[in-house]
Amino acid sequence: MKLANILQYFWGESMRRFWRDSHTKRILAAISFFAVIFTILFSNFSPQQVMLRTDEVAKRNIVSNINAVIVDEKQTAQLKQQAAAKVQKAYQEDNDAINNARTEVADFYSSLNGLLQADNPDKKSLIIDLLNTMVQKKNVKPAFDTNASTNYLLVTDPQDIDKMEQATLSAVELAMQKPITEETLGGVYNDVTYQVNNLNFNSLAEEIIDLQAINAIRPNLIYNQEATEKAIKDAQDAVEPVHKTVKTGEIIVREGDRVTSEQISVLEQLGIQRSQSYPITLVGAAAFIIITFWLIIEYLRRYHEELLKNDKQMLLLGLIIIIVLLIARFVTVIQITDRPEINALSGYLAPVAAGSMLIAMLLNSRLAYFITMVLALYVGLLNGGNQLAYAIVAFVSGMVGVYRVSRLSQTSDLAISGLHIAAANVAAILAMAFIYSNINIVIVMVGILIGVIGGILSAVLMIGALPYLESAFAITSMIKLLELSNPNNTLLKKLLIEAPGTYHHSLMVGNLAEAAAQPIGANPLLVRVGAYYHDIGKIKRSDYFVENQRSFDDPHDKIAPALSALIIIAHVKEGVELAREARLPQVIIDFIAEHHGTSLTKYFYSRAYEEEGEGMVNEESFRYEGPKPHSKEVALVMLADSVEAAVRSLPAPNLEKINNMVRKIMNDKLNDRQLEECDLTFKDVDVITNTFGRVLEGIYHKRIEYPDIVKELTKKE
């Protein structure tokens, strides 16, 4: 019993550790995500494909859902057969044929002469055997009388036998001067017989000459099978396939008809006939999804490693992809009319642009461009027919959506983005219609309408889903930032009323920092909004900050420098408290907490140093508590804050003074190591310096002096 309890304890503990392990959770999340995507994509293959066999009775009408140009296999095969039939056989010359024929004639007559000259009582029977062998060789003269021919040869003069041999050789050589093939041997034999019958020999002698000549004659052209087959193949390959056009909605196989091999060929070319088994299709779909997963992970690892390590943001990315694919799968089954060619256009409603815009606003614009490409590929697989057209339209709409929201400056731009996407959809759909020669006015008009609806629908879906996703995943989107930048915001109104100098200073800092944000790859909108709120802590003791002092009385003159520094430093902590009470996003609170880093309040430190003397002042008491800026955006606001305040204090600022002051502030921050925890480079710092100088020059430009007469007129007025 104790052993069982111990095992149960260790098992339970190991399982708890297993489920608490973040690596395990990531693997399970990836598997779940893969399973969902696979189910969505694979569901498209099942209902649309059939598996018919020749001579099977069709149980329903099978209709083409696309316009396609296919190969007419039957007519093409007939043309190839005709081309093959016209190909002549290939032969090669046999140079030894004539010599072999001569040798055979000589051997026969040599044997015959040997028998005739021999003193052998069986001479006659041996000659009969020789003639029988000659007759049986090709069996062209079965009625040949060997007995009569033998009697003739036995009484014939040897000189006549020699003449017979020469006549046989002449007949063979004359016949074999012409090309002879196996097919032409019959005609050659007839010619030889005709020639021999005109030699004026004894009829029995002519029979022997004719028969031996025929036996000796052979083809001097040998059939070359390999060359012939190659010629046939070349002739068949030269036949251009016969094409025919299949229209959308055309019935390929009618219900109740027997399926022909030609119909199965058409179905295979249209992708309706399943030529592969389900397991192979399943493996293909799984392999494609794995490839896209690998591409996404590699892209994130290379360019967005911090996002890859953030489980919450990865969950958001996966959720957006799944939602878009579910909606895309749903619209593929929408039946607009009874016409299949129009129903097929519903694939253009896939809201890829909505997903792309959500990723751009909630995560990253560059990532949104990449995911748009992946989603477009998925949409192509989800739709039957012309999958490339659906993928291209989805890709174009997504790209335009990302481009529009990345340039967002006000909330009304969201609605306008829907119109831009609609226009892009229409242009892409028209381009596909021209490319695939689908110029049917009804289909084109429906396509345009669907493109417009798709663009507007994407914008509506994005606007509707944005607040929920933003709230659920605690992400500050550009829309939220735009809302926070509204001057009617409670905190900003309070800052304007209670600390107007700080409010104006914050606006100046925002403009200055925003100008430098784009060139260094920072988020301009985030920089501007962060600058608006970075000093809200000054609301509580606004009179202690020089920009809000309306009189010449400075409250710091009546208190110790250490206390003054404490009041100044406290505005950071008080600003964080105000921000949390107002439920500002953490990304904005970071600006408030980090915009001074651990900088030194130099003015009060210098006063304390003068009053207390060397060694009596603790420098740490005059430094902000930090932390230092952790992002480019906060670092920009820190630099813009210091530069704006410093340049404003310059007497009679000019271009040289401004540039010198900007460089001095930059060097001070670098030397004080305030920028060491953010990802600003020296090149970025140089760009920021030049941008600040250019913007401040425009603000503090030289003004034209009014002439005295103009001043007098102005006074009178």
# chains A, B, ... in the order shown; residues from 1 in each chain; ligands from 1
>>> select_by_dssp(residues="segment 163-311 of chain A", states="strand (DSSP E)", output="list of chain:residue names")
A:Leu221, A:Ile222, A:Tyr223, A:His243, A:Lys244, A:Thr245, A:Val246, A:Ile251, A:Ile252, A:Val253
>>> residues_around(residues="Ile539 of chain A", least_positions_apart="2", cutoff="9 Å", atoms="only C-alpha atoms", output="PDB file with C-alpha atoms, in the first residue's frame")
ATOM      1  CA  LYS A 494      -6.305  68.182 -16.514  1.00  0.00           C
ATOM      2  CA  LEU A 495      -2.688  68.707 -17.574  1.00  0.00           C
ATOM      3  CA  GLU A 498      -3.394  72.706 -14.052  1.00  0.00           C
ATOM      4  CA  ALA A 499       0.000  72.670 -15.770  1.00  0.00           C
ATOM      5  CA  THR A 502       3.995  71.306 -19.090  1.00  0.00           C
ATOM      6  CA  ASP A 535       5.135  64.482 -17.533  1.00  0.00           C
ATOM      7  CA  ILE A 536       1.583  64.073 -16.164  1.00  0.00           C
ATOM      8  CA  GLY A 537       3.090  63.665 -12.697  1.00  0.00           C
ATOM      9  CA  ARG A 541       2.948  70.208  -7.849  1.00  0.00           C
ATOM     10  CA  SER A 542       2.850  72.162 -11.076  1.00  0.00           C
ATOM     11  CA  ASP A 543       4.213  75.403  -9.541  1.00  0.00           C
ATOM     12  CA  HIS A 571       6.872  63.672 -10.432  1.00  0.00           C
ATOM     13  CA  GLU A 574       3.299  60.456  -9.059  1.00  0.00           C
ATOM     14  CA  GLY A 575       2.842  60.284 -12.832  1.00  0.00           C
TER      15      GLY A 575
END
>>> residues_around(residues="segment 295-309 of chain A", least_positions_apart="5", cutoff="10 Å", atoms="only C-alpha atoms", output="compact mmCIF listing (two decimals) with N, CA and C atoms, in the first residue's frame")
# COMPACT_ATOMS: atom_id res chain seq x y z
N ARG A 26 4.20 24.92 -25.08
CA ARG A 26 4.43 25.40 -26.44
C ARG A 26 4.25 24.28 -27.46
N ILE A 289 1.38 22.24 -44.67
CA ILE A 289 1.21 23.00 -43.43
C ILE A 289 2.51 23.03 -42.64
N ILE A 290 3.21 21.91 -42.58
CA ILE A 290 4.49 21.86 -41.85
C ILE A 290 5.49 22.83 -42.48
N MET A 314 2.05 34.93 -29.29
CA MET A 314 1.99 33.80 -30.22
C MET A 314 0.59 33.20 -30.26
N LEU A 317 -1.46 35.50 -32.42
CA LEU A 317 -1.16 35.29 -33.84
C LEU A 317 -1.88 34.05 -34.36
N LEU A 363 0.40 43.45 -33.41
CA LEU A 363 1.71 42.82 -33.26
C LEU A 363 2.80 43.58 -33.99
N ASN A 364 2.85 43.45 -35.34
CA ASN A 364 3.94 44.08 -36.07
C ASN A 364 3.59 44.15 -37.55
N ARG A 366 5.64 44.41 -40.24
CA ARG A 366 6.46 43.54 -41.09
C ARG A 366 6.00 42.09 -40.98
N LEU A 367 5.66 41.67 -39.78
CA LEU A 367 5.13 40.32 -39.61
C LEU A 367 3.82 40.16 -40.37
N PHE A 370 4.30 39.25 -43.99
CA PHE A 370 4.70 37.85 -44.20
C PHE A 370 3.51 36.91 -43.99
N ILE A 371 2.74 37.13 -42.93
CA ILE A 371 1.59 36.25 -42.66
C ILE A 371 0.55 36.39 -43.76
N VAL A 374 1.28 33.83 -46.34
CA VAL A 374 0.91 32.48 -45.91
C VAL A 374 -0.61 32.30 -45.98
>>> residues_around(residues="segment 617-619 of chain A", least_positions_apart="3", cutoff="10 Å", atoms="only C-alpha atoms", output="MDAnalysis selection string")
chainID A and resid 562 600:602 605:606 608:614 622:623
>>> closest_residue(among="A:Ile435, A:Ile416, A:Leu130, A:Ala474", to="Gln313 of chain A", atoms="only C-alpha atoms")
A:Ala474
>>> residues_around(residues="Gly626 of chain A", least_positions_apart="3", cutoff="10 Å", atoms="only C-alpha atoms", output="compact mmCIF listing (two decimals) with C-alpha atoms, in the first residue's frame")
# COMPACT_ATOMS: atom_id res chain seq x y z
CA ILE A 569 12.14 63.47 -8.88
CA VAL A 572 7.87 60.36 -12.07
CA LYS A 573 6.37 58.21 -9.32
CA ALA A 593 8.64 55.75 -15.48
CA GLU A 594 11.67 55.67 -17.79
CA HIS A 595 11.85 59.05 -19.53
CA HIS A 596 14.44 60.39 -17.04
CA GLY A 597 16.20 57.08 -16.45
CA THR A 598 18.68 57.57 -13.63
CA SER A 599 19.67 61.06 -14.74
CA ARG A 623 19.33 61.10 -9.28
CA PRO A 629 14.76 53.44 -21.20
CA GLN A 674 21.32 56.43 -19.94
>>> atom_distance(atom1="atom CA of Leu491 of chain A", atom2="atom CA of Val634 of chain A")
19.6 Å
>>> residues_around(residues="Asn139 of chain A", least_positions_apart="6", cutoff="12 Å", atoms="only C-alpha atoms", output="list of chain:residue names")
A:Leu131, A:Asn132, A:Thr133, A:Leu211, A:Gln212, A:Ile214, A:Asn215
>>> residues_around(residues="Glu656 of chain A", least_positions_apart="4", cutoff="10 Å", atoms="only C-alpha atoms", output="ChimeraX atom specification")
/A:660-662,693,697
>>> atom_distance(atom1="atom CA of Arg673 of chain A", atom2="atom CA of Leu655 of chain A")
27.3 Å
>>> closest_residue(among="A:Gln263, A:Gln136, A:Met445, A:Tyr544", to="Asp557 of chain A", atoms="only C-alpha atoms")
A:Tyr544
>>> select_by_dssp(residues="segment 34-199 of chain A", states="helix (DSSP H, G or I)", output="ChimeraX atom specification")
/A:34-42,73-85,97-117,123-138,146-155,158-175,182-196
>>> atom_distance(atom1="atom CA of Leu282 of chain A", atom2="atom CA of Phe42 of chain A")
7.1 Å
